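Participant: What follows is a structure written as structure tokens; I'll ask about it next.
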Amino acid sequence: MKFGGTSVGSAQRMKNVVKIISDGQRKIVVLSAMSGTTNSLLEIADYLYKKNPDGANDLINALELKYFREIDELYDTKEYKAKALESVKQHFDFIRSLTRKLFTLFEEKAIVSQGELLSTMMFHNYLLEKGVNAVLLPALEFMRINKNAEPDTLYIKENLSRLLEEQPDADIYVTQGFICLNAYGEVDNLTRGGSDYSASLIGAAVQADEIQIWTDIDGMHNNDPRVVEKTSPVSMLSFDEAAELAYFGAKILHPTCILPAKLAKIPVRLLNTMEPQAPGTLISNETERHKIKAVAAKDNIIAIKIKSGRMLLAYGFLRRVFEIFESYQTSIDMICTSEVGISMTIDNDRHLGEILDELKKIGTVTVDKNMVIVCVVGDLEWDNIGFESRVIDAVKDIPVRMISYGGSNYNISLLIKAEDKQRTLQALSNHLFN
Ligand code: ADP
Ligand code: ASP
Ligand code: MG
């Protein structure tokens, strides 16, 4: 069971989580940092990169005060208040020690890891105070990524099993989401929102019956509720549908968190901490057929078009284009081809200049920045008729730069301008669901 930032965002919310997990079943509880903490820690790091330790210290003091207040509210006994207070002080002293050193990515990762270390320390102590037989499993002793920043699943499984075997009798195991060690043994993380990924890696490693992602909304909605009016929860999704939605922008799930669950064939349930009785969304091998399920959008997309007079009949042209992206470790999201050219999208502009320089050696290149991929997901097998036309009809008044369909049985993707995002998503909701 993974609880996100809002779900553990205050002492009161943590107490609420204890009610949800106290059902007598043995479980591993994965926690995010309290909401706002990771952002604050990154801001502290930003001040330190800018060589402004005073700015950093102001933020550190304010954040520490917030934790003092939460501690005071969380525990009933003097003993646990004192214990948690002491631990909070140690974490903040550690953060302060990093303000006096040369600041690099290494120190930044160490600072950012403090959020999950703090929330789990507080929560574990609260369980102990309540007399629950709970054990803290330090994520840095089993969660690890390799040189390609991919999870080292064998290492995770072996070390997590060892830790569980060392303490076999606990009812509840608490651990940190998000944080891990990297291939060099340094503190690292699974990128923003990565606690979901931790939970599915852990669920897969222990062959859990189910992986539950508890958050602040009643499951995966059929469109982004922050952008669109009148969205509603989707009751069932297949692993593939959920993975497309997560990858193409549905913030409720980390982009890669579905894969470990799918490989291990473990259902994932999305549930609402504020409304625990709501059915939420079940993600499994099964799904409702012949239905468009949901729409998601991925921002900050760059479209690149390369035209070549000699592409016609020129085998090897696509390979040359793709090799350029590969050599700059930039992955392509969407592709459309024609007789004379290809359009592709990327979401990472780190090597854009170099990629364009290389592409210009083999064709004429145009770039459109600030685009959005809108992804419509559902049972879109090609022999189900009528679905493509409904999607296209919904966007009939909107300029569409690219359309991609047929890459999988689950999605149609459209590339539009960022300024058209809201009305595109709303039009799709109105047309497909409402
Ligand atoms: P947590 O802190 O629990 O990990 P997140 O903020 O990462 O929670 O994810 C939950 C949020 O995702 C919701 O509050 C909602 O605003 C946003 N969201 C975006 N798209 C969707 C969607 N399709 N369905 C549900 N929530 C979505
Ligand atoms: N605390 C981390 C973040 O804010 C991880 C997470 O919440 O999933 O990105
Ligand atoms: Mg999240």
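Order determines the names: the first chain of the structure tokens is A, the second B, and so forth; residues in each chain are numbered 1 upward, and ligands are numbered 1 upward as they are shown.
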Taking only C-alpha atoms and all ligand atoms into account, which residues have an atom no farther than 12 Å from ligand 3? I'd like them as a PyMOL selection string.
Facilitator: chain A and resi 2-7+31-36+38+177-178+190-199+213-217+246+249-257+270
Participant: Let's see if you can do this: from backbone DSSP, list all strand (DSSP E) residues in range 116-306 of chain A, as a PyMOL selection string.
Facilitator: chain A and resi 134-137+172-176+179-181+187-189+211-215+236-238+268-272+281-284+292-306
Participant: Run DSSP on the backbone of this structure and report the residues of range 298-383 of chain A it assigns to alpha helix (DSSP H), as a list in words.
Facilitator: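 Alpha helix (DSSP H) members of range 298-383 of chain A, listed: Phe317, Leu318, Arg319, Arg320, Val321, Phe322, Glu323, Ile324, Phe325, Glu326, Ser327, Leu352, Gly353, Glu354, Ile355, Leu356, Asp357, Glu358 and Leu359 of chain A.
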Participant: Got time to write the residues from that selection, C-alpha atoms, as an mmCIF file, in the first residue's frame?
Facilitator:
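New file again.cif:
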data_model
loop_
_atom_site.group_PDB
_atom_site.id
_atom_site.type_symbol
_atom_site.label_atom_id
_atom_site.label_comp_id
_atom_site.auth_asym_id
_atom_site.auth_seq_id
_atom_site.Cartn_x
_atom_site.Cartn_y
_atom_site.Cartn_z
ATOM 1 C CA PHE A 317 17.024 6.548 -44.071
ATOM 2 C CA LEU A 318 14.962 5.790 -40.959
ATOM 3 C CA ARG A 319 17.892 4.014 -39.381
ATOM 4 C CA ARG A 320 20.138 7.022 -39.907
ATOM 5 C CA VAL A 321 17.569 9.314 -38.359
ATOM 6 C CA PHE A 322 16.951 7.084 -35.343
ATOM 7 C CA GLU A 323 20.662 6.531 -34.760
ATOM 8 C CA ILE A 324 21.092 10.256 -34.256
ATOM 9 C CA PHE A 325 18.502 10.259 -31.476
ATOM 10 C CA GLU A 326 20.017 7.125 -29.997
ATOM 11 C CA SER A 327 23.515 8.562 -29.902
ATOM 12 C CA LEU A 352 18.281 19.301 -29.166
ATOM 13 C CA GLY A 353 20.967 21.510 -30.738
ATOM 14 C CA GLU A 354 23.287 18.591 -31.466
ATOM 15 C CA ILE A 355 20.450 16.428 -32.787
ATOM 16 C CA LEU A 356 19.321 19.175 -35.175
ATOM 17 C CA ASP A 357 22.884 19.731 -36.402
ATOM 18 C CA GLU A 358 23.179 16.038 -37.251
ATOM 19 C CA LEU A 359 19.726 15.818 -38.859
#
Participant: List as a ChimeraX atom specification the protein and nucleic acid residues near Glu141 in chain A, meaning an atom at most 12 Å away when only C-alpha atoms are counted, but skip any in the same chain fewer than 6 places from it.
Facilitator: /A:155-164,175-176,179-182,185-187
Participant: Please provide as a short mmCIF file (atom, residue, chain, number, x, y, z; two decimals) with all heavy atoms, in the first residue's frame all residues within 9 Å of Ser87 in chain A, with the sequence filter that same-chain residues fewer than 3 positions apart are discarded (counting only C-alpha atoms).
Facilitator:
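Output file around.cif is given in full below:
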data_model
loop_
_atom_site.label_atom_id
_atom_site.label_comp_id
_atom_site.auth_asym_id
_atom_site.auth_seq_id
_atom_site.Cartn_x
_atom_site.Cartn_y
_atom_site.Cartn_z
N ALA A 82 9.48 13.28 22.18
CA ALA A 82 10.91 13.56 22.34
C ALA A 82 11.74 12.76 21.33
O ALA A 82 12.67 13.29 20.71
CB ALA A 82 11.35 13.22 23.76
N LYS A 83 11.35 11.50 21.15
CA LYS A 83 12.08 10.63 20.23
C LYS A 83 12.01 11.16 18.79
O LYS A 83 13.03 11.28 18.10
CB LYS A 83 11.42 9.23 20.29
CG LYS A 83 12.28 8.10 19.83
CD LYS A 83 11.60 6.78 20.21
CE LYS A 83 12.01 5.71 19.23
NZ LYS A 83 11.21 4.49 19.38
N ALA A 84 10.80 11.52 18.36
CA ALA A 84 10.62 12.01 16.99
C ALA A 84 11.30 13.38 16.81
O ALA A 84 11.90 13.65 15.77
CB ALA A 84 9.14 12.09 16.64
N GLN A 90 18.02 15.72 13.89
CA GLN A 90 19.17 15.09 13.21
C GLN A 90 19.08 15.24 11.69
O GLN A 90 20.07 15.55 11.03
CB GLN A 90 19.25 13.61 13.57
CG GLN A 90 19.88 13.37 14.93
CD GLN A 90 19.81 11.91 15.34
OE1 GLN A 90 19.51 11.03 14.53
NE2 GLN A 90 20.05 11.65 16.61
N HIS A 91 17.87 15.02 11.16
CA HIS A 91 17.71 15.17 9.71
C HIS A 91 18.01 16.60 9.27
O HIS A 91 18.69 16.82 8.26
CB HIS A 91 16.29 14.78 9.28
CG HIS A 91 16.07 13.29 9.27
ND1 HIS A 91 16.56 12.49 8.26
CD2 HIS A 91 15.44 12.48 10.14
CE1 HIS A 91 16.23 11.23 8.52
NE2 HIS A 91 15.55 11.19 9.65
N PHE A 92 17.52 17.58 10.03
CA PHE A 92 17.74 18.97 9.62
C PHE A 92 19.19 19.40 9.85
O PHE A 92 19.73 20.18 9.08
CB PHE A 92 16.71 19.90 10.29
CG PHE A 92 15.39 19.87 9.55
CD1 PHE A 92 14.42 18.93 9.88
CD2 PHE A 92 15.15 20.72 8.49
CE1 PHE A 92 13.23 18.87 9.17
CE2 PHE A 92 13.96 20.67 7.77
CZ PHE A 92 12.99 19.73 8.12
N LEU A 118 11.97 11.40 6.64
CA LEU A 118 11.24 12.04 7.73
C LEU A 118 9.83 11.45 7.89
O LEU A 118 9.40 11.09 9.00
CB LEU A 118 11.12 13.55 7.48
CG LEU A 118 12.35 14.39 7.82
CD1 LEU A 118 12.30 15.73 7.10
CD2 LEU A 118 12.45 14.61 9.33
N MET A 121 9.89 7.90 9.29
CA MET A 121 10.31 7.90 10.70
C MET A 121 9.13 8.29 11.60
O MET A 121 8.84 7.64 12.60
CB MET A 121 11.49 8.87 10.88
CG MET A 121 11.99 9.08 12.29
SD MET A 121 11.00 10.22 13.29
CE MET A 121 11.30 11.78 12.49
N MET A 122 8.43 9.36 11.20
CA MET A 122 7.30 9.82 12.01
C MET A 122 6.20 8.77 12.06
O MET A 122 5.64 8.48 13.12
CB MET A 122 6.71 11.11 11.41
CG MET A 122 7.60 12.32 11.64
SD MET A 122 7.15 13.69 10.56
CE MET A 122 5.50 14.07 11.14
#
Participant: Given the choices A:Met402, A:Ile258, A:Val29, A:Leu41, which gets closest to Val17 in chain A if the distance is worked out from only C-alpha atoms?
Facilitator: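 The shortest atom-to-atom distance to Val17 in chain A comes from A:Val29.
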Participant: Any idea what's packed within 9 Å of Met334 in chain A, counting only C-alpha atoms, ignoring anything in its chain fewer than 6 positions away? Could you give it as an MDAnalysis selection string?
Facilitator: chainID A and resid 303 343:346 373 402:404 413 415
Participant: Could you take the residues named above and write them with C-alpha atoms, as a PDB file, in the first residue's frame?
Facilitator:
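Contents of result_13.pdb, freshly written:
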ATOM      1  CA  ALA A 303       8.104  18.130 -32.797  1.00  0.00           C
ATOM      2  CA  SER A 343       7.806  13.826 -38.007  1.00  0.00           C
ATOM      3  CA  MET A 344       8.859  12.792 -34.526  1.00  0.00           C
ATOM      4  CA  THR A 345       8.393  14.138 -31.045  1.00  0.00           C
ATOM      5  CA  ILE A 346      10.735  14.253 -28.077  1.00  0.00           C
ATOM      6  CA  ILE A 373       0.623  15.089 -26.951  1.00  0.00           C
ATOM      7  CA  MET A 402       0.376  14.945 -35.994  1.00  0.00           C
ATOM      8  CA  ILE A 403      -1.916  11.944 -35.563  1.00  0.00           C
ATOM      9  CA  SER A 404      -0.657   8.502 -34.607  1.00  0.00           C
ATOM     10  CA  SER A 413      -2.273  10.207 -30.093  1.00  0.00           C
ATOM     11  CA  LEU A 415      -0.079  16.466 -31.319  1.00  0.00           C
TER      12      LEU A 415
END
Participant: Tell me which protein, DNA and RNA residues are within 12 Å of Thr99 in chain A, counting only C-alpha atoms, leaving out same-chain ones fewer than 5 positions away, and put them as a tab-separated table (two decimals) with N, CA and C atoms, in the first residue's frame.
Facilitator:
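Now in selection.tsv:
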chain	number	residue	atom	x	y	z
A	44	ILE	N	15.56	24.47	-1.57
A	44	ILE	CA	16.75	24.63	-0.74
A	44	ILE	C	18.00	24.33	-1.58
A	45	ALA	N	17.92	23.22	-2.32
A	45	ALA	CA	19.06	22.84	-3.16
A	45	ALA	C	19.35	23.93	-4.19
A	46	ASP	N	18.28	24.52	-4.71
A	46	ASP	CA	18.45	25.57	-5.72
A	46	ASP	C	19.21	26.77	-5.14
A	47	TYR	N	18.87	27.16	-3.91
A	47	TYR	CA	19.62	28.25	-3.26
A	47	TYR	C	21.09	27.88	-3.10
A	48	LEU	N	21.33	26.61	-2.79
A	48	LEU	CA	22.72	26.20	-2.57
A	48	LEU	C	23.51	26.16	-3.87
A	49	TYR	N	22.84	25.74	-4.97
A	49	TYR	CA	23.50	25.83	-6.27
A	49	TYR	C	23.86	27.28	-6.57
A	50	LYS	N	22.97	28.20	-6.14
A	50	LYS	CA	23.21	29.61	-6.43
A	50	LYS	C	24.09	30.26	-5.38
A	51	LYS	N	24.70	29.43	-4.55
A	51	LYS	CA	25.65	29.89	-3.52
A	51	LYS	C	25.03	30.93	-2.58
A	52	ASN	N	23.79	30.67	-2.18
A	52	ASN	CA	23.12	31.55	-1.23
A	52	ASN	C	22.70	30.74	0.00
A	53	PRO	N	23.64	30.42	0.90
A	53	PRO	CA	23.31	29.59	2.06
A	53	PRO	C	22.31	30.27	3.00
A	54	ASP	N	22.27	31.62	3.01
A	54	ASP	CA	21.31	32.30	3.88
A	54	ASP	C	19.88	32.02	3.41
A	55	GLY	N	19.69	32.14	2.09
A	55	GLY	CA	18.37	31.83	1.52
A	55	GLY	C	17.99	30.40	1.86
A	56	ALA	N	18.95	29.47	1.69
A	56	ALA	CA	18.68	28.06	2.00
A	56	ALA	C	18.32	27.89	3.47
A	57	ASN	N	19.08	28.56	4.34
A	57	ASN	CA	18.83	28.37	5.77
A	57	ASN	C	17.47	28.90	6.21
A	58	ASP	N	17.00	29.99	5.59
A	58	ASP	CA	15.65	30.47	5.90
A	58	ASP	C	14.62	29.38	5.63
A	59	LEU	N	14.75	28.76	4.45
A	59	LEU	CA	13.80	27.71	4.08
A	59	LEU	C	13.95	26.49	4.99
A	60	ILE	N	15.18	26.15	5.32
A	60	ILE	CA	15.43	24.98	6.18
A	60	ILE	C	14.77	25.21	7.55
A	92	PHE	N	17.52	17.58	10.03
A	92	PHE	CA	17.74	18.97	9.62
A	92	PHE	C	19.19	19.40	9.85
A	93	ASP	N	19.83	18.85	10.89
A	93	ASP	CA	21.26	19.15	11.07
A	93	ASP	C	22.06	18.60	9.89
A	94	PHE	N	21.64	17.43	9.41
A	94	PHE	CA	22.31	16.86	8.24
A	94	PHE	C	22.14	17.79	7.03
A	104	THR	N	26.86	19.83	-5.12
A	104	THR	CA	26.77	19.15	-6.41
A	104	THR	C	25.49	18.33	-6.44
A	107	GLU	N	24.96	16.11	-3.41
A	107	GLU	CA	24.36	16.73	-2.21
A	107	GLU	C	22.86	16.99	-2.43
A	108	GLU	N	22.51	17.37	-3.65
A	108	GLU	CA	21.09	17.62	-3.94
A	108	GLU	C	20.27	16.34	-3.69
A	110	ALA	N	20.98	13.87	-1.82
A	110	ALA	CA	20.96	13.57	-0.38
A	110	ALA	C	19.91	14.43	0.33
A	111	ILE	N	19.83	15.71	-0.05
A	111	ILE	CA	18.83	16.59	0.57
A	111	ILE	C	17.42	16.14	0.23
Participant: Go through A:Ala314, A:Ala261, A:Ala139, A:Ala394 one by one, measure the shortest atom-to-atom distance of each to Ala208 in chain A using only C-alpha atoms, and give the residue with the smallest value.
Facilitator: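 With only C-alpha atoms as the atom set, the closest residue is A:Ala261.
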Participant: Contacts of Ile301 in chain A at 6 Å or less, counting only C-alpha atoms, minus same-chain residues fewer than 5 places along, as an MDAnalysis selection string?
Facilitator: chainID A and resid 346:347 370:372
Participant: Store the residues picked out above in a file with all heavy atoms, as a compact mmCIF listing (two decimals), in the first residue's frame.
Facilitator:
# COMPACT_ATOMS: atom_id res chain seq x y z
N ILE A 346 9.91 14.58 -29.24
CA ILE A 346 10.74 14.25 -28.08
C ILE A 346 10.28 15.13 -26.91
O ILE A 346 9.64 16.17 -27.11
CB ILE A 346 12.25 14.48 -28.35
CG1 ILE A 346 12.52 15.93 -28.76
CG2 ILE A 346 12.74 13.53 -29.43
CD1 ILE A 346 14.01 16.26 -28.90
N ASP A 347 10.56 14.69 -25.69
CA ASP A 347 10.14 15.50 -24.54
C ASP A 347 11.36 16.00 -23.76
O ASP A 347 11.23 16.48 -22.65
CB ASP A 347 9.20 14.70 -23.61
CG ASP A 347 9.90 13.52 -22.95
OD1 ASP A 347 11.10 13.28 -23.23
OD2 ASP A 347 9.24 12.83 -22.17
N ASN A 370 6.92 23.69 -27.70
CA ASN A 370 5.74 23.99 -26.90
C ASN A 370 4.48 23.30 -27.41
O ASN A 370 3.44 23.92 -27.57
CB ASN A 370 5.55 25.51 -26.85
CG ASN A 370 5.01 25.94 -25.51
OD1 ASN A 370 4.83 25.11 -24.61
ND2 ASN A 370 4.75 27.22 -25.35
N MET A 371 4.63 22.03 -27.69
CA MET A 371 3.50 21.23 -28.17
C MET A 371 3.04 20.30 -27.05
O MET A 371 3.72 20.13 -26.04
CB MET A 371 3.92 20.40 -29.39
CG MET A 371 4.57 21.20 -30.51
SD MET A 371 3.46 22.37 -31.31
CE MET A 371 2.45 21.27 -32.29
N VAL A 372 1.88 19.68 -27.26
CA VAL A 372 1.32 18.76 -26.27
C VAL A 372 0.85 17.50 -26.99
O VAL A 372 0.22 17.59 -28.05
CB VAL A 372 0.11 19.43 -25.56
CG1 VAL A 372 -0.64 18.43 -24.68
CG2 VAL A 372 0.57 20.61 -24.72
